[in-house]
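The next block is model26.txt, given as compact mmCIF, C-alpha atoms.
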```txt
# COMPACT_ATOMS: atom_id res chain seq x y z
CA MET Z 1 133.22 141.61 230.14
CA LEU Z 2 133.57 137.86 229.97
CA ARG Z 3 132.07 136.20 226.90
CA ASN Z 4 129.60 133.42 227.40
CA GLY Z 5 130.88 129.88 227.89
CA LEU Z 6 130.01 128.71 224.41
CA LYS Z 7 131.88 131.57 222.73
CA ALA Z 8 134.90 131.06 224.97
CA ALA Z 9 134.93 127.33 224.22
CA CYS Z 10 134.72 128.08 220.51
CA GLY Z 11 137.63 130.45 220.97
CA VAL Z 12 139.77 127.69 222.44
CA ALA Z 13 138.90 125.40 219.57
CA LEU Z 14 139.61 128.12 217.04
CA ALA Z 15 142.95 128.89 218.68
CA ALA Z 16 143.97 125.25 218.64
CA GLY Z 17 143.10 125.00 214.97
CA LEU Z 18 145.01 128.15 214.10
CA ALA Z 19 148.09 127.01 215.99
CA LEU Z 20 147.97 123.56 214.41
CA GLY Z 21 147.51 125.04 210.94
CA ALA Z 22 150.52 127.31 211.38
CA SER Z 23 152.71 124.48 212.68
CA LEU Z 24 151.86 122.30 209.67
CA ALA Z 25 152.53 125.12 207.20
CA PRO Z 26 155.27 124.52 204.65
CA VAL Z 27 158.79 125.76 205.24
CA ASN Z 28 159.18 129.41 204.29
CA ALA Z 29 161.19 129.62 201.08
CA GLN Z 30 163.06 132.72 202.26
CA THR Z 31 163.78 131.76 205.87
CA GLY Z 32 164.18 127.99 205.46
CA GLN Z 33 162.08 127.38 208.58
CA SER Z 34 158.48 126.71 209.42
CA VAL Z 35 156.83 129.08 211.88
CA GLU Z 36 156.90 126.39 214.56
CA GLN Z 37 160.59 125.68 214.01
CA PHE Z 38 161.41 129.37 214.33
CA TYR Z 39 159.47 129.94 217.56
CA LYS Z 40 160.13 126.66 219.36
CA GLY Z 41 162.10 127.34 222.54
CA ARG Z 42 162.46 131.04 221.66
CA GLN Z 43 161.89 134.14 223.73
CA ILE Z 44 159.89 136.96 222.14
CA ASN Z 45 160.90 140.41 223.37
CA MET Z 46 157.90 142.59 224.10
CA ILE Z 47 158.93 146.26 224.07
CA ILE Z 48 156.78 148.49 226.31
CA TYR Z 49 157.14 152.22 225.86
CA THR Z 50 156.12 153.11 229.45
CA ASP Z 51 157.41 152.24 232.89
CA ASN Z 52 156.03 149.35 234.90
CA ASN Z 53 153.43 151.43 236.73
CA SER Z 54 151.38 152.24 233.64
CA SER Z 55 148.24 150.71 232.14
CA TYR Z 56 150.16 149.94 228.92
CA ASP Z 57 152.63 147.86 230.94
CA PHE Z 58 149.76 146.18 232.79
CA TYR Z 59 148.05 145.13 229.56
CA ALA Z 60 151.30 144.00 227.91
CA ARG Z 61 152.22 141.73 230.81
CA LEU Z 62 148.71 140.30 230.92
CA LEU Z 63 148.94 139.46 227.22
CA GLY Z 64 152.46 138.06 227.52
CA ALA Z 65 151.39 135.68 230.28
CA HIS Z 66 148.95 133.93 227.91
CA MET Z 67 149.81 134.48 224.25
CA GLY Z 68 152.61 131.90 224.10
CA ARG Z 69 150.03 129.13 224.53
CA PHE Z 70 148.59 129.98 221.12
CA MET Z 71 151.83 130.47 219.21
CA PRO Z 72 153.36 127.64 217.15
CA GLY Z 73 156.35 126.43 219.15
CA ASN Z 74 154.99 128.02 222.36
CA PRO Z 75 157.61 130.77 222.79
CA THR Z 76 157.95 132.77 226.01
CA PHE Z 77 157.16 136.49 226.00
CA ILE Z 78 159.64 138.69 227.88
CA PRO Z 79 158.44 142.23 228.74
CA ARG Z 80 161.10 144.94 228.37
CA ASN Z 81 160.35 148.54 229.28
CA MET Z 82 161.89 151.17 226.98
CA VAL Z 83 160.89 154.60 228.23
CA GLY Z 84 161.71 157.88 226.51
CA ALA Z 85 160.53 160.72 224.26
CA GLY Z 86 156.86 159.98 224.85
CA GLY Z 87 157.11 156.59 223.17
CA LEU Z 88 159.28 157.64 220.22
CA LYS Z 89 162.32 155.85 221.65
CA ALA Z 90 160.51 152.51 221.61
CA SER Z 91 158.92 153.25 218.22
CA GLU Z 92 162.28 154.11 216.67
CA PHE Z 93 163.80 150.94 218.10
CA LEU Z 94 161.03 148.80 216.67
CA TYR Z 95 161.18 150.57 213.31
CA LYS Z 96 164.92 150.84 212.76
CA ILE Z 97 166.85 148.56 215.14
CA ALA Z 98 164.81 145.55 216.32
CA PRO Z 99 165.26 142.28 214.41
CA LYS Z 100 162.74 141.98 211.58
CA ASP Z 101 162.21 138.28 212.09
CA GLY Z 102 159.19 138.12 214.42
CA SER Z 103 161.24 137.76 217.59
CA THR Z 104 160.36 141.27 218.82
CA ILE Z 105 156.98 142.96 219.15
CA GLY Z 106 155.93 146.00 221.11
CA THR Z 107 153.24 148.30 222.37
CA VAL Z 108 153.36 152.04 221.75
CA GLY Z 109 151.12 155.01 222.48
CA ARG Z 110 147.93 154.85 220.47
CA GLY Z 111 148.30 158.43 219.24
CA LEU Z 112 151.82 158.20 217.82
CA ALA Z 113 150.74 156.66 214.52
CA PHE Z 114 148.76 159.81 213.68
CA ASP Z 115 151.55 162.33 214.29
CA PRO Z 116 153.27 161.88 210.89
CA LEU Z 117 149.93 162.52 209.18
CA LEU Z 118 150.00 165.95 210.84
CA GLY Z 119 153.55 166.73 209.78
CA ARG Z 120 155.25 165.73 213.05
CA ASN Z 121 157.81 163.06 212.27
CA GLU Z 122 161.25 164.03 213.51
CA MET Z 123 162.25 160.37 213.83
CA GLY Z 124 161.38 159.51 210.22
CA ILE Z 125 159.01 156.69 211.20
CA ASP Z 126 156.33 155.50 208.78
CA PHE Z 127 153.77 153.87 211.06
CA LEU Z 128 151.88 152.50 208.05
CA LYS Z 129 154.84 150.15 207.45
CA PHE Z 130 154.58 148.48 210.84
CA ASN Z 131 152.86 145.11 211.07
CA TRP Z 132 149.94 145.82 213.39
CA ILE Z 133 149.09 142.72 215.41
CA GLY Z 134 145.97 144.02 217.12
CA SER Z 135 144.68 145.93 220.13
CA MET Z 136 143.47 144.59 223.46
CA ASN Z 137 140.63 147.04 223.75
CA ARG Z 138 138.72 149.72 221.93
CA GLU Z 139 139.34 152.52 224.37
CA SER Z 140 136.85 155.08 225.59
CA THR Z 141 137.97 157.96 227.76
CA VAL Z 142 135.78 159.96 230.08
CA ALA Z 143 135.74 163.58 231.11
CA LEU Z 144 134.76 163.93 234.75
CA SER Z 145 134.24 166.54 237.43
CA TRP Z 146 134.47 166.05 241.18
CA ASN Z 147 131.13 165.86 242.97
CA ASP Z 148 131.67 168.65 245.45
CA PRO Z 149 129.83 171.96 246.05
CA ARG Z 150 132.96 173.94 245.17
CA VAL Z 151 132.96 172.46 241.61
CA LYS Z 152 130.21 174.05 239.55
CA VAL Z 153 130.60 171.90 236.43
CA LYS Z 154 128.23 168.94 236.55
CA THR Z 155 127.26 168.53 232.86
CA TYR Z 156 128.64 169.07 229.38
CA GLU Z 157 126.49 172.19 229.10
CA ASP Z 158 128.05 173.56 232.31
CA LEU Z 159 131.49 172.88 230.83
CA GLN Z 160 130.67 175.11 227.89
CA LYS Z 161 130.19 178.03 230.31
CA ILE Z 162 132.44 177.38 233.31
CA GLU Z 163 136.16 176.59 233.48
CA LEU Z 164 137.18 173.19 234.84
CA LEU Z 165 140.70 172.84 236.23
CA VAL Z 166 142.17 169.58 234.89
CA PRO Z 167 145.66 168.04 234.91
CA GLY Z 168 148.30 168.03 232.21
CA THR Z 169 150.81 165.18 232.39
CA GLY Z 170 153.42 166.35 229.90
CA ALA Z 171 153.86 168.31 226.70
CA GLY Z 172 152.47 166.25 223.83
CA ALA Z 173 150.55 163.92 226.14
CA ASP Z 174 146.91 163.17 225.30
CA SER Z 175 145.96 164.69 228.66
CA GLU Z 176 147.05 168.06 227.28
CA LEU Z 177 146.36 167.68 223.55
CA ILE Z 178 142.81 166.36 223.71
CA PRO Z 179 141.35 168.98 226.09
CA VAL Z 180 142.82 171.72 223.87
CA ALA Z 181 141.18 170.12 220.83
CA LEU Z 182 137.86 169.75 222.65
CA ASN Z 183 137.95 173.40 223.67
CA PHE Z 184 138.36 174.31 220.00
CA LEU Z 185 135.93 171.83 218.41
CA ALA Z 186 133.34 171.21 221.13
CA GLY Z 187 133.28 174.54 222.97
CA THR Z 188 134.44 173.15 226.30
CA LYS Z 189 136.34 175.24 228.85
CA PHE Z 190 139.03 172.95 230.21
CA LYS Z 191 141.86 174.83 231.92
CA ILE Z 192 144.97 172.65 231.94
CA ILE Z 193 147.16 172.75 235.04
CA LYS Z 194 150.50 171.31 233.98
CA GLY Z 195 153.16 169.49 235.95
CA TYR Z 196 151.50 166.26 237.04
CA LYS Z 197 153.57 163.13 236.58
CA ASN Z 198 150.68 160.84 235.66
CA THR Z 199 146.94 160.39 236.06
CA SER Z 200 147.35 158.64 239.42
CA ASP Z 201 149.05 161.73 240.85
CA ALA Z 202 146.35 163.88 239.27
CA ALA Z 203 143.62 161.77 240.89
CA LEU Z 204 145.12 162.49 244.31
CA ALA Z 205 145.12 166.19 243.45
CA VAL Z 206 141.42 165.98 242.57
CA GLU Z 207 140.67 164.33 245.91
CA ARG Z 208 142.67 167.04 247.72
CA GLY Z 209 140.78 169.81 245.96
CA GLU Z 210 143.72 171.07 243.87
CA LEU Z 211 141.90 170.17 240.64
CA ASP Z 212 138.23 170.14 239.66
CA GLY Z 213 138.29 167.01 237.54
CA ILE Z 214 140.07 165.11 234.78
CA ALA Z 215 139.48 165.81 231.09
CA TYR Z 216 140.83 162.62 229.59
CA TRP Z 217 141.02 159.37 231.56
CA SER Z 218 140.50 155.99 229.96
CA TRP Z 219 137.44 154.21 231.29
CA SER Z 220 139.40 150.95 231.60
CA ALA Z 221 142.00 152.64 233.82
CA LEU Z 222 139.38 154.49 235.87
CA ARG Z 223 137.31 151.36 236.51
CA SER Z 224 140.36 149.32 237.51
CA SER Z 225 142.04 151.84 239.81
CA HIS Z 226 139.28 154.16 241.06
CA GLN Z 227 136.03 152.25 240.68
CA HIS Z 228 135.01 153.47 244.11
CA TRP Z 229 134.68 156.96 242.63
CA VAL Z 230 131.86 155.64 240.47
CA LYS Z 231 130.24 153.41 243.08
CA GLU Z 232 130.29 156.13 245.76
CA ASN Z 233 129.01 158.85 243.39
CA LYS Z 234 132.13 160.94 243.84
CA ILE Z 235 132.20 162.14 240.23
CA HIS Z 236 130.05 163.45 237.41
CA MET Z 237 130.91 161.83 234.08
CA LEU Z 238 130.41 164.64 231.59
CA PHE Z 239 130.87 162.63 228.38
CA HIS Z 240 132.99 159.89 226.88
CA THR Z 241 134.97 159.82 223.66
CA GLY Z 242 134.21 156.36 222.28
CA ASP Z 243 132.68 155.68 218.87
CA ARG Z 244 129.63 153.87 220.27
CA VAL Z 245 127.52 153.66 223.42
CA HIS Z 246 129.58 151.96 226.11
CA PRO Z 247 127.71 149.02 227.67
CA GLU Z 248 129.15 149.68 231.14
CA ILE Z 249 128.24 153.39 231.16
CA PRO Z 250 125.27 153.65 228.75
CA GLN Z 251 123.99 156.81 230.44
CA VAL Z 252 127.14 158.80 229.57
CA ARG Z 253 126.86 160.82 226.37
CA LEU Z 254 129.25 160.61 223.43
CA ILE Z 255 131.16 163.80 222.68
CA ARG Z 256 131.15 162.80 219.01
CA ASP Z 257 127.37 163.21 219.00
CA LEU Z 258 127.53 166.62 220.65
CA VAL Z 259 129.63 168.24 217.90
CA LYS Z 260 127.39 169.06 214.93
CA GLU Z 261 129.41 171.15 212.42
CA PRO Z 262 130.48 168.64 209.70
CA THR Z 263 134.17 169.59 209.35
CA ASP Z 264 134.60 169.91 213.11
CA LYS Z 265 132.94 166.52 213.56
CA ARG Z 266 135.30 164.88 211.03
CA ALA Z 267 138.28 166.58 212.65
CA LEU Z 268 137.20 165.27 216.07
CA ASP Z 269 136.71 161.78 214.63
CA PHE Z 270 140.26 161.96 213.23
CA ILE Z 271 141.70 163.03 216.59
CA LEU Z 272 139.77 160.39 218.51
CA ALA Z 273 140.50 157.59 216.02
CA ARG Z 274 143.53 156.77 218.19
CA GLU Z 275 141.18 155.39 220.79
CA ILE Z 276 140.08 152.56 218.50
CA LEU Z 277 143.72 151.46 218.74
CA GLY Z 278 143.26 151.28 222.52
CA ARG Z 279 146.22 149.15 223.66
CA PRO Z 280 147.95 148.41 220.32
CA PHE Z 281 150.64 145.84 219.58
CA LEU Z 282 152.84 145.84 216.52
CA ALA Z 283 155.86 144.16 214.96
CA PRO Z 284 158.64 145.82 212.94
CA PRO Z 285 158.33 146.26 209.18
CA ASP Z 286 159.41 143.46 206.83
CA VAL Z 287 158.79 140.55 209.20
CA PRO Z 288 158.03 137.40 207.14
CA ALA Z 289 154.32 137.23 206.35
CA ASP Z 290 153.82 133.74 207.81
CA ARG Z 291 155.13 134.88 211.19
CA ILE Z 292 152.89 137.96 211.19
CA LYS Z 293 149.97 135.68 210.36
CA ALA Z 294 150.86 133.47 213.33
CA LEU Z 295 151.27 136.45 215.68
CA ARG Z 296 147.91 137.89 214.65
CA ALA Z 297 146.15 134.54 214.96
CA ALA Z 298 147.65 133.93 218.41
CA PHE Z 299 146.72 137.45 219.53
CA ASP Z 300 143.11 137.03 218.38
CA ALA Z 301 142.85 133.59 219.96
CA THR Z 302 144.26 134.81 223.27
CA LEU Z 303 141.72 137.59 223.59
CA ILE Z 304 138.75 135.22 223.28
CA ASP Z 305 140.24 132.46 225.44
CA LYS Z 306 138.28 131.56 228.57
CA GLU Z 307 141.34 131.26 230.84
CA PHE Z 308 142.68 134.61 229.64
CA LEU Z 309 139.31 136.34 230.11
CA ILE Z 310 138.98 135.00 233.65
CA ASP Z 311 142.45 136.39 234.42
CA ALA Z 312 141.52 139.72 232.84
CA GLU Z 313 138.30 139.87 234.87
CA ARG Z 314 140.21 139.13 238.06
CA ARG Z 315 142.58 142.01 237.30
CA GLN Z 316 139.68 144.28 236.27
CA ALA Z 317 141.07 144.70 232.75
CA GLU Z 318 138.64 145.71 230.02
CA ILE Z 319 139.10 143.47 226.97
CA ASN Z 320 137.68 144.22 223.53
CA LEU Z 321 139.55 142.74 220.57
CA VAL Z 322 140.50 145.02 217.67
CA PRO Z 323 142.15 142.88 214.97
CA GLY Z 324 145.34 144.02 213.25
CA GLU Z 325 143.53 144.23 209.92
CA GLU Z 326 141.12 146.81 211.37
CA ILE Z 327 144.01 148.93 212.62
CA ASP Z 328 145.62 148.79 209.16
CA ALA Z 329 142.38 149.97 207.56
CA LEU Z 330 141.88 152.73 210.14
CA LEU Z 331 145.35 154.18 209.61
CA LYS Z 332 145.01 154.07 205.83
CA SER Z 333 141.68 155.87 206.10
CA ALA Z 334 143.22 158.53 208.33
CA ALA Z 335 146.09 158.99 205.87
CA ALA Z 336 143.52 159.68 203.13
CA ALA Z 337 141.65 162.39 205.09
CA PRO Z 338 140.88 165.54 203.04
CA LYS Z 339 143.15 168.55 203.45
CA GLU Z 340 140.43 170.68 205.03
CA VAL Z 341 139.97 168.08 207.77
CA ILE Z 342 143.72 167.82 208.42
CA ASP Z 343 143.98 171.61 208.53
CA ARG Z 344 141.14 171.74 211.07
CA VAL Z 345 142.83 169.06 213.16
CA LYS Z 346 146.06 171.06 213.16
CA GLN Z 347 144.16 174.17 214.25
CA ALA Z 348 142.44 172.26 217.03
CA LEU Z 349 145.73 170.87 218.31
CA GLY Z 350 147.56 174.16 217.94
CA LEU Z 351 150.04 172.80 215.40
```

Exercise: express the given structure as structure tokens:
Amino acid sequence: MLRNGLKAACGVALAAGLALGASLAPVNAQTGQSVEQFYKGRQINMIIYTDNNSSYDFYARLLGAHMGRFMPGNPTFIPRNMVGAGGLKASEFLYKIAPKDGSTIGTVGRGLAFDPLLGRNEMGIDFLKFNWIGSMNRESTVALSWNDPRVKVKTYEDLQKIELLVPGTGAGADSELIPVALNFLAGTKFKIIKGYKNTSDAALAVERGELDGIAYWSWSALRSSHQHWVKENKIHMLFHTGDRVHPEIPQVRLIRDLVKEPTDKRALDFILAREILGRPFLAPPDVPADRIKALRAAFDATLIDKEFLIDAERRQAEINLVPGEEIDALLKSAAAAPKEVIDRVKQALGL
């Protein structure tokens, strides 16, 4: 996970240069302040759409502990949890209510930005108008079955023939949406058992024998909280959903490679594009461009900083920088998907 010493050292030098360049930038004609003047001595509110027991909260607090070092003026990041409506409460706040001056950023569910493209937008939020700062990792999720004689599913091919009881953690949650889509597009036979509060509760149910496995669990969360499952051979990893071979689990197959029909493959790529967002951070629309530039530069510099990476390694956090510009391009590409692909996505998700 950690980069080599030379790359980390270069990252520190790059970060210092970026911060210095921003602090010497001319005064913004609209705001009357330089970026450094605006952020000096300021607190930046970091809105987190989950409670403080989630992986999103974990990543946000890790970032907030380091990012201020790379911001002009060295502001302090203050995490604030804003739970509700599956992340829409926090998204609406950031879109409609939060100050549009760079003093508030947030992290929201990686799938929310795709909902309006599928006709689900009761809050009237245009996620393309947000200023995407970047993501802390390019997520891959795994489908797994429990290694026990009572569970007959041990491979993807088994899963195409035999039902696997897996948890659902709420209507609209990825844990329920993605298995349904995989059943439709990839021929799997996940049977969702609803009513679990979160994946941690579901993991206990798997260990107790109430469930056969988990259909959709991020590798970063699995490795940080239940690495002993892997080390002690307690599970079969059936496939993962990333867009490339994962260096930590190279033997696990990609579900994207197992779906062959062209429209189904494009529909699956659309659905799984959210994972490239991983742990995304964004700022409200209409924030001055020089402040967005500073936030993006500080974010990028933080994620390649040696001290930060050592802290992330100690906390068993998987780090893989996705720049804000890549997220912008990904969302624009998704918005331009052909109608037949969008229609197939809607069918797969039952919309």

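Shortest atom-to-atom contact with Leu277 (chain Z) among Z:Ala334, Z:Ala329, Z:Ala317, Z:Val322: Z:Val322, counting all atoms listed in the file.
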
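Among the candidates Z:Ala335, Z:Leu211, Z:Ile255, Z:Ala173, the residue lying nearest to His240 (chain Z) is Z:Ile255 (atoms considered: all atoms listed in the file).
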
key: Local residues around (133.9, 161.7, 226.9), at most 9 Å away, using only C-alpha atoms, as a ChimeraX atom specification   = /Z:140-144,215-217,237-242,252-256

ask   = Using all atoms listed in the file, which residues sit within 12 Å of Lys332 (chain Z) once same-chain residues fewer than 6 positions away are excluded, as an NGL selection string?
value = :Z and (113-114 or 117 or 126-129 or 270 or 273 or 325-326)

Using the selection just defined, write its residues with C-alpha atoms as a JSON list (two decimals), keeping the file's coordinate frame.
```json
[["chain", "number", "residue", "atom", "x", "y", "z"],
["Z", 113, "ALA", "CA", 150.74, 156.66, 214.52],
["Z", 114, "PHE", "CA", 148.76, 159.81, 213.68],
["Z", 117, "LEU", "CA", 149.93, 162.52, 209.18],
["Z", 126, "ASP", "CA", 156.33, 155.50, 208.78],
["Z", 127, "PHE", "CA", 153.77, 153.87, 211.06],
["Z", 128, "LEU", "CA", 151.88, 152.50, 208.05],
["Z", 129, "LYS", "CA", 154.84, 150.15, 207.45],
["Z", 270, "PHE", "CA", 140.26, 161.96, 213.23],
["Z", 273, "ALA", "CA", 140.50, 157.59, 216.02],
["Z", 325, "GLU", "CA", 143.53, 144.23, 209.92],
["Z", 326, "GLU", "CA", 141.12, 146.81, 211.37]]
```

Quick one: axis-aligned box around all listed atoms of region 212-220 of chain Z, 6 Å on every side, centre and edge lengths in Å to one decimal, written as lines of an AutoDock Vina configuration file.
```
center_x = 139.2
center_y = 160.5
center_z = 234.6
size_x = 15.6
size_y = 31.2
size_z = 22.1
```

task = Determine the nearest neighbour of Lys40 (chain Z) from the options Z:Met71, Z:Val230, Z:Leu351, Z:Ile133, counting only C-alpha atoms.
result = Z:Met71

request  = Select, from Z:Trp146, Z:Phe77, Z:Ile292, Z:Asn53, the residue with the minimum atom-to-atom distance to Ala65 (chain Z), counting all atoms listed in the file.
outcome  = Z:Phe77

task = Measure the distance from CA of Leu118 (chain Z) to CA of Thr199 (chain Z) in Å and round it to one decimal.
result = 26.0 Å

ask   = Neighbours of Gly106 (chain Z) within 7 Å (all atoms listed in the file; same-chain residues fewer than 4 positions away dropped), as a ChimeraX atom specification?
value = /Z:46-48,281-283

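CA of Lys197 (chain Z) sits 27.9 Å away from CA of Asn320 (chain Z).
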
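Distance-wise, CA of Gln251 (chain Z) and CA of His228 (chain Z) end up 17.9 Å apart.
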
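If you measure from each of Z:Asn233, Z:Asn121, Z:Gln227, Z:Asn183 to Asn147 (chain Z) using all atoms listed in the file, the closest one turns out to be Z:Asn233.
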